[in-house]
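Shown below: final00.tsv, with TSV, C-alpha atoms.
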```
chain	number	residue	atom	x	y	z
C	20	MET	CA	-49.94	-104.98	-53.89
C	21	HIS	CA	-49.53	-104.61	-50.12
C	22	LYS	CA	-46.56	-103.78	-47.92
C	23	ILE	CA	-46.06	-103.71	-44.14
C	24	PHE	CA	-43.66	-101.24	-42.54
C	25	GLY	CA	-42.25	-101.18	-39.02
C	26	ILE	CA	-42.04	-103.95	-36.47
C	27	LYS	CA	-45.05	-104.99	-34.45
C	28	GLU	CA	-44.17	-104.93	-30.78
C	29	ASP	CA	-45.98	-106.82	-28.05
C	30	ALA	CA	-48.33	-103.93	-27.31
C	31	GLU	CA	-51.90	-102.81	-27.89
C	32	TYR	CA	-52.09	-100.69	-31.05
C	33	TYR	CA	-54.56	-98.03	-32.08
C	34	ASP	CA	-55.74	-99.18	-35.53
C	35	ARG	CA	-56.80	-96.53	-38.06
C	36	GLU	CA	-58.02	-97.27	-41.57
C	37	GLY	CA	-57.55	-94.58	-44.18
C	38	ALA	CA	-58.01	-93.98	-47.89
C	39	TYR	CA	-56.05	-91.63	-50.12
C	40	LEU	CA	-56.19	-90.21	-53.64
C	41	ILE	CA	-53.02	-89.70	-55.63
C	42	PRO	CA	-53.76	-87.57	-58.70
C	43	VAL	CA	-51.04	-87.65	-61.34
C	44	CYS	CA	-50.88	-85.32	-64.34
C	45	ASN	CA	-47.87	-85.69	-66.63
C	46	ASN	CA	-44.92	-85.66	-64.20
C	47	LYS	CA	-46.78	-83.80	-61.44
C	48	VAL	CA	-48.48	-85.24	-58.37
C	49	GLY	CA	-51.25	-83.59	-56.36
C	50	ILE	CA	-50.37	-83.45	-52.66
C	51	VAL	CA	-51.28	-81.48	-49.57
C	52	GLU	CA	-48.74	-79.51	-47.55
C	53	THR	CA	-49.31	-78.83	-43.85
C	54	HIS	CA	-47.02	-77.56	-41.11
C	55	LYS	CA	-46.11	-81.23	-40.48
C	56	GLY	CA	-45.06	-81.99	-44.05
C	57	TYR	CA	-46.40	-83.49	-47.28
C	58	PHE	CA	-49.44	-85.77	-47.38
C	59	PHE	CA	-51.88	-87.25	-49.88
C	60	LEU	CA	-55.47	-86.08	-50.18
C	61	GLY	CA	-57.44	-88.32	-47.86
C	62	GLY	CA	-57.54	-89.48	-44.30
C	63	GLY	CA	-59.18	-91.74	-41.76
C	64	LEU	CA	-62.47	-93.47	-42.34
C	65	GLU	CA	-65.40	-92.25	-40.26
C	66	ASN	CA	-67.97	-94.72	-38.84
C	67	GLY	CA	-69.51	-96.79	-41.63
C	68	GLU	CA	-67.71	-94.88	-44.37
C	69	SER	CA	-66.32	-96.68	-47.44
C	70	TYR	CA	-62.89	-95.93	-48.88
C	71	LEU	CA	-64.46	-94.02	-51.78
C	72	GLU	CA	-66.75	-91.99	-49.51
C	73	CYS	CA	-63.76	-91.12	-47.33
C	74	ILE	CA	-61.67	-89.95	-50.28
C	75	LYS	CA	-64.48	-87.81	-51.69
C	76	ARG	CA	-65.18	-86.20	-48.30
C	77	GLU	CA	-61.53	-85.58	-47.50
C	78	CYS	CA	-60.74	-84.09	-50.94
C	79	LEU	CA	-63.57	-81.61	-50.50
C	80	GLU	CA	-62.46	-80.75	-46.94
C	81	GLU	CA	-58.73	-80.51	-47.68
C	82	ALA	CA	-58.70	-78.97	-51.15
C	83	GLY	CA	-62.27	-78.01	-52.11
C	84	TYR	CA	-62.35	-80.44	-55.05
C	85	ILE	CA	-64.90	-82.92	-56.35
C	86	VAL	CA	-62.86	-85.91	-57.50
C	87	SER	CA	-63.10	-88.97	-59.70
C	88	VAL	CA	-61.64	-91.99	-57.92
C	89	GLY	CA	-60.01	-94.58	-60.15
C	90	GLU	CA	-58.35	-97.89	-59.40
C	91	LYS	CA	-56.96	-98.96	-56.07
C	92	VAL	CA	-53.25	-99.30	-56.77
C	93	CYS	CA	-51.85	-100.52	-53.47
C	94	THR	CA	-52.29	-100.74	-49.71
C	95	ALA	CA	-49.84	-100.39	-46.86
C	96	GLU	CA	-49.71	-100.45	-43.10
C	97	THR	CA	-47.13	-99.55	-40.53
C	98	TYR	CA	-46.47	-100.22	-36.88
C	99	CYS	CA	-45.04	-97.15	-35.21
C	100	LYS	CA	-44.94	-95.09	-32.06
C	101	HIS	CA	-46.96	-91.88	-32.35
C	102	PRO	CA	-46.00	-88.97	-30.03
C	103	THR	CA	-49.55	-88.54	-28.67
C	104	ILE	CA	-51.39	-91.77	-29.56
C	105	GLY	CA	-48.71	-94.26	-28.52
C	106	HIS	CA	-48.54	-97.52	-30.45
C	107	PHE	CA	-50.17	-96.68	-33.77
C	108	HIS	CA	-51.18	-98.93	-36.67
C	109	PRO	CA	-52.39	-96.95	-39.69
C	110	MET	CA	-53.69	-99.07	-42.57
C	111	GLN	CA	-54.01	-97.13	-45.82
C	112	ALA	CA	-55.48	-97.75	-49.27
C	113	TYR	CA	-54.16	-95.67	-52.19
C	114	TYR	CA	-56.17	-94.84	-55.30
C	115	ILE	CA	-55.29	-93.15	-58.54
C	116	GLY	CA	-57.77	-90.49	-59.64
C	117	ASP	CA	-58.52	-87.05	-60.98
C	118	LEU	CA	-59.56	-83.69	-59.66
C	119	VAL	CA	-62.82	-82.92	-61.46
C	120	GLU	CA	-63.84	-79.48	-60.27
C	121	LYS	CA	-62.91	-76.98	-57.58
C	122	VAL	CA	-66.23	-76.17	-55.90
C	123	ALA	CA	-65.26	-74.62	-52.58
C	124	ALA	CA	-62.48	-73.26	-50.44
C	125	PRO	CA	-60.89	-75.97	-48.29
C	126	ILE	CA	-62.40	-76.42	-44.83
C	127	ASP	CA	-59.00	-77.49	-43.49
C	128	VAL	CA	-57.33	-74.09	-43.78
C	129	ASP	CA	-53.92	-75.47	-42.74
C	130	HIS	CA	-53.92	-77.79	-45.79
C	131	HIS	CA	-52.47	-76.34	-48.99
C	132	PHE	CA	-53.02	-78.31	-52.18
C	133	LEU	CA	-50.06	-78.29	-54.57
C	134	TRP	CA	-49.10	-79.82	-57.89
C	135	VAL	CA	-45.44	-80.80	-57.54
C	136	ASP	CA	-42.95	-82.52	-59.79
C	137	TYR	CA	-42.60	-86.20	-58.98
C	138	ASP	CA	-38.81	-85.87	-58.94
C	139	TYR	CA	-39.11	-83.16	-56.26
C	140	ILE	CA	-41.60	-84.93	-53.98
C	141	SER	CA	-40.23	-88.47	-54.34
C	142	GLY	CA	-38.93	-89.55	-50.92
C	143	LYS	CA	-40.29	-86.45	-49.15
C	144	MET	CA	-43.75	-87.60	-48.05
C	145	PHE	CA	-44.46	-87.58	-44.31
C	146	SER	CA	-44.24	-91.35	-43.89
C	147	GLU	CA	-42.20	-94.16	-45.38
C	148	MET	CA	-45.31	-96.01	-46.47
C	149	GLN	CA	-46.61	-92.96	-48.32
C	150	ASN	CA	-43.26	-92.62	-50.11
C	151	TRP	CA	-43.64	-96.24	-51.21
C	152	ALA	CA	-47.26	-95.66	-52.31
C	153	LEU	CA	-46.25	-92.55	-54.26
C	154	GLU	CA	-43.75	-94.60	-56.27
C	155	LYS	CA	-46.30	-97.35	-56.97
C	156	CYS	CA	-49.08	-94.93	-57.98
C	157	PHE	CA	-46.82	-92.76	-60.12
C	158	ASP	CA	-45.51	-95.82	-61.99
C	159	PHE	CA	-49.09	-97.08	-62.42
C	160	ALA	CA	-50.27	-93.70	-63.76
C	161	GLN	CA	-47.37	-93.49	-66.22
C	162	LYS	CA	-48.33	-96.90	-67.67
C	163	ILE	CA	-52.04	-95.96	-67.97
C	164	TYR	CA	-51.52	-92.56	-69.57
C	165	LYS	CA	-48.99	-93.85	-72.11
C	166	LYS	CA	-51.62	-96.19	-73.58
```
Render the structure in this file as structure tokens.
Amino acid sequence: MHKIFGIKEDAEYYDREGAYLIPVCNNKVGIVETHKGYFFLGGGLENGESYLECIKRECLEEAGYIVSVGEKVCTAETYCKHPTIGHFHPMQAYYIGDLVEKVAAPIDVDHHFLWVDYDYISGKMFSEMQNWALEKCFDFAQKIYKK
């Protein structure tokens, strides 16, 4: 499942691939809160990094957790205007997964990992595409865990 947000203008865009983990436990979702808002665990791929390598690195940096990455549930991209980058085109892959073990303090000290109720966080993620991905991953997790 893939969805495109925004309208592509006739401009040169900065493309950025990213990968994100959405852990779901009962009706709670694991997210990261920063001064900018709510985000998923994950981020941009570094040179030569796979989606899974990115997720594992970012989860350790942002929350101090070793994780188990499950299925890719959906992907999304958006065309937008970033305040410092200009025309920005993030392309993101979203995976369901689990937090296995907390092994360290987060390196990103401005990131605070939280378990929040889905009903609370629904519609409050930083970007429209992450709100969409949250809905898709939560629905997917509910179907898996009810089996």
Problem - Nearest residue to Tyr139 in chain C from the set C:Leu71, C:Val48, C:Met20, C:Ile85 (distances using all atoms listed in the file) - result: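 Result for the nearest residue to Tyr139 in chain C: C:Val48.
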Practice task
Rank C:Ile26, C:Ile115, C:Ala82, C:Val128 by their smallest atom-to-atom distance to Tyr39 in chain C, using all atoms listed in the file, and report the top residue only.
Solution key: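 Among the listed residues, the smallest separation from Tyr39 in chain C belongs to C:Ile115.
For the choices C:Gly25, C:Tyr98, C:His130, C:Pro109, the atom-to-atom distance to Lys55 in chain C is smallest for C:His130 when using all atoms listed in the file.
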Problem - Nearest candidate to Trp151 in chain C (options C:His54, C:Ile104, C:Ala124, C:Cys93; using all atoms listed in the file) - result: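 Checking each candidate against Trp151 in chain C, we get C:Cys93 as the closest.
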Practice task
Find the residues around Lys143 in chain C up to 10 Å (all atoms listed in the file counted), leave out those fewer than 6 positions away in its own chain, and share them as a ChimeraX atom specification.
Solution key: /C:56-58,149-150,153
Handout entry: Pick from C:Asp136, C:Glu81, C:Glu147, C:Glu72, whichever lies nearest to Asn45 in chain C using all atoms listed in the file
Key = C:Asp136
Practice task
Rank C:Leu79, C:Ile23, C:Val92, C:Cys156 by their smallest atom-to-atom distance to Leu118 in chain C, using all atoms listed in the file, and report the top residue only.
Solution key: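 Closest to Leu118 in chain C, using all atoms listed in the file: C:Leu79.
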Problem - Within 12 Å of Glu28 in chain C using all atoms listed in the file, minus same-chain residues under 2 positions, as a ChimeraX atom specification - result: /C:25-26,30-32,97-100,105-108
Practice task
Within 8 Å of Tyr70 in chain C, counting all atoms listed in the file, which residues show up once you throw out same-chain ones fewer than 3 positions away? Write them as a PyMOL selection string, please.
Solution key: chain C and resi 37-38+64+73-74+112
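Here CA of Ser146 in chain C stands at a distance of 26.9 Å from CA of Val119 in chain C.
Straight-line separation from CA of Glu52 in chain C to CA of Ser87 in chain C: 21.1 Å.
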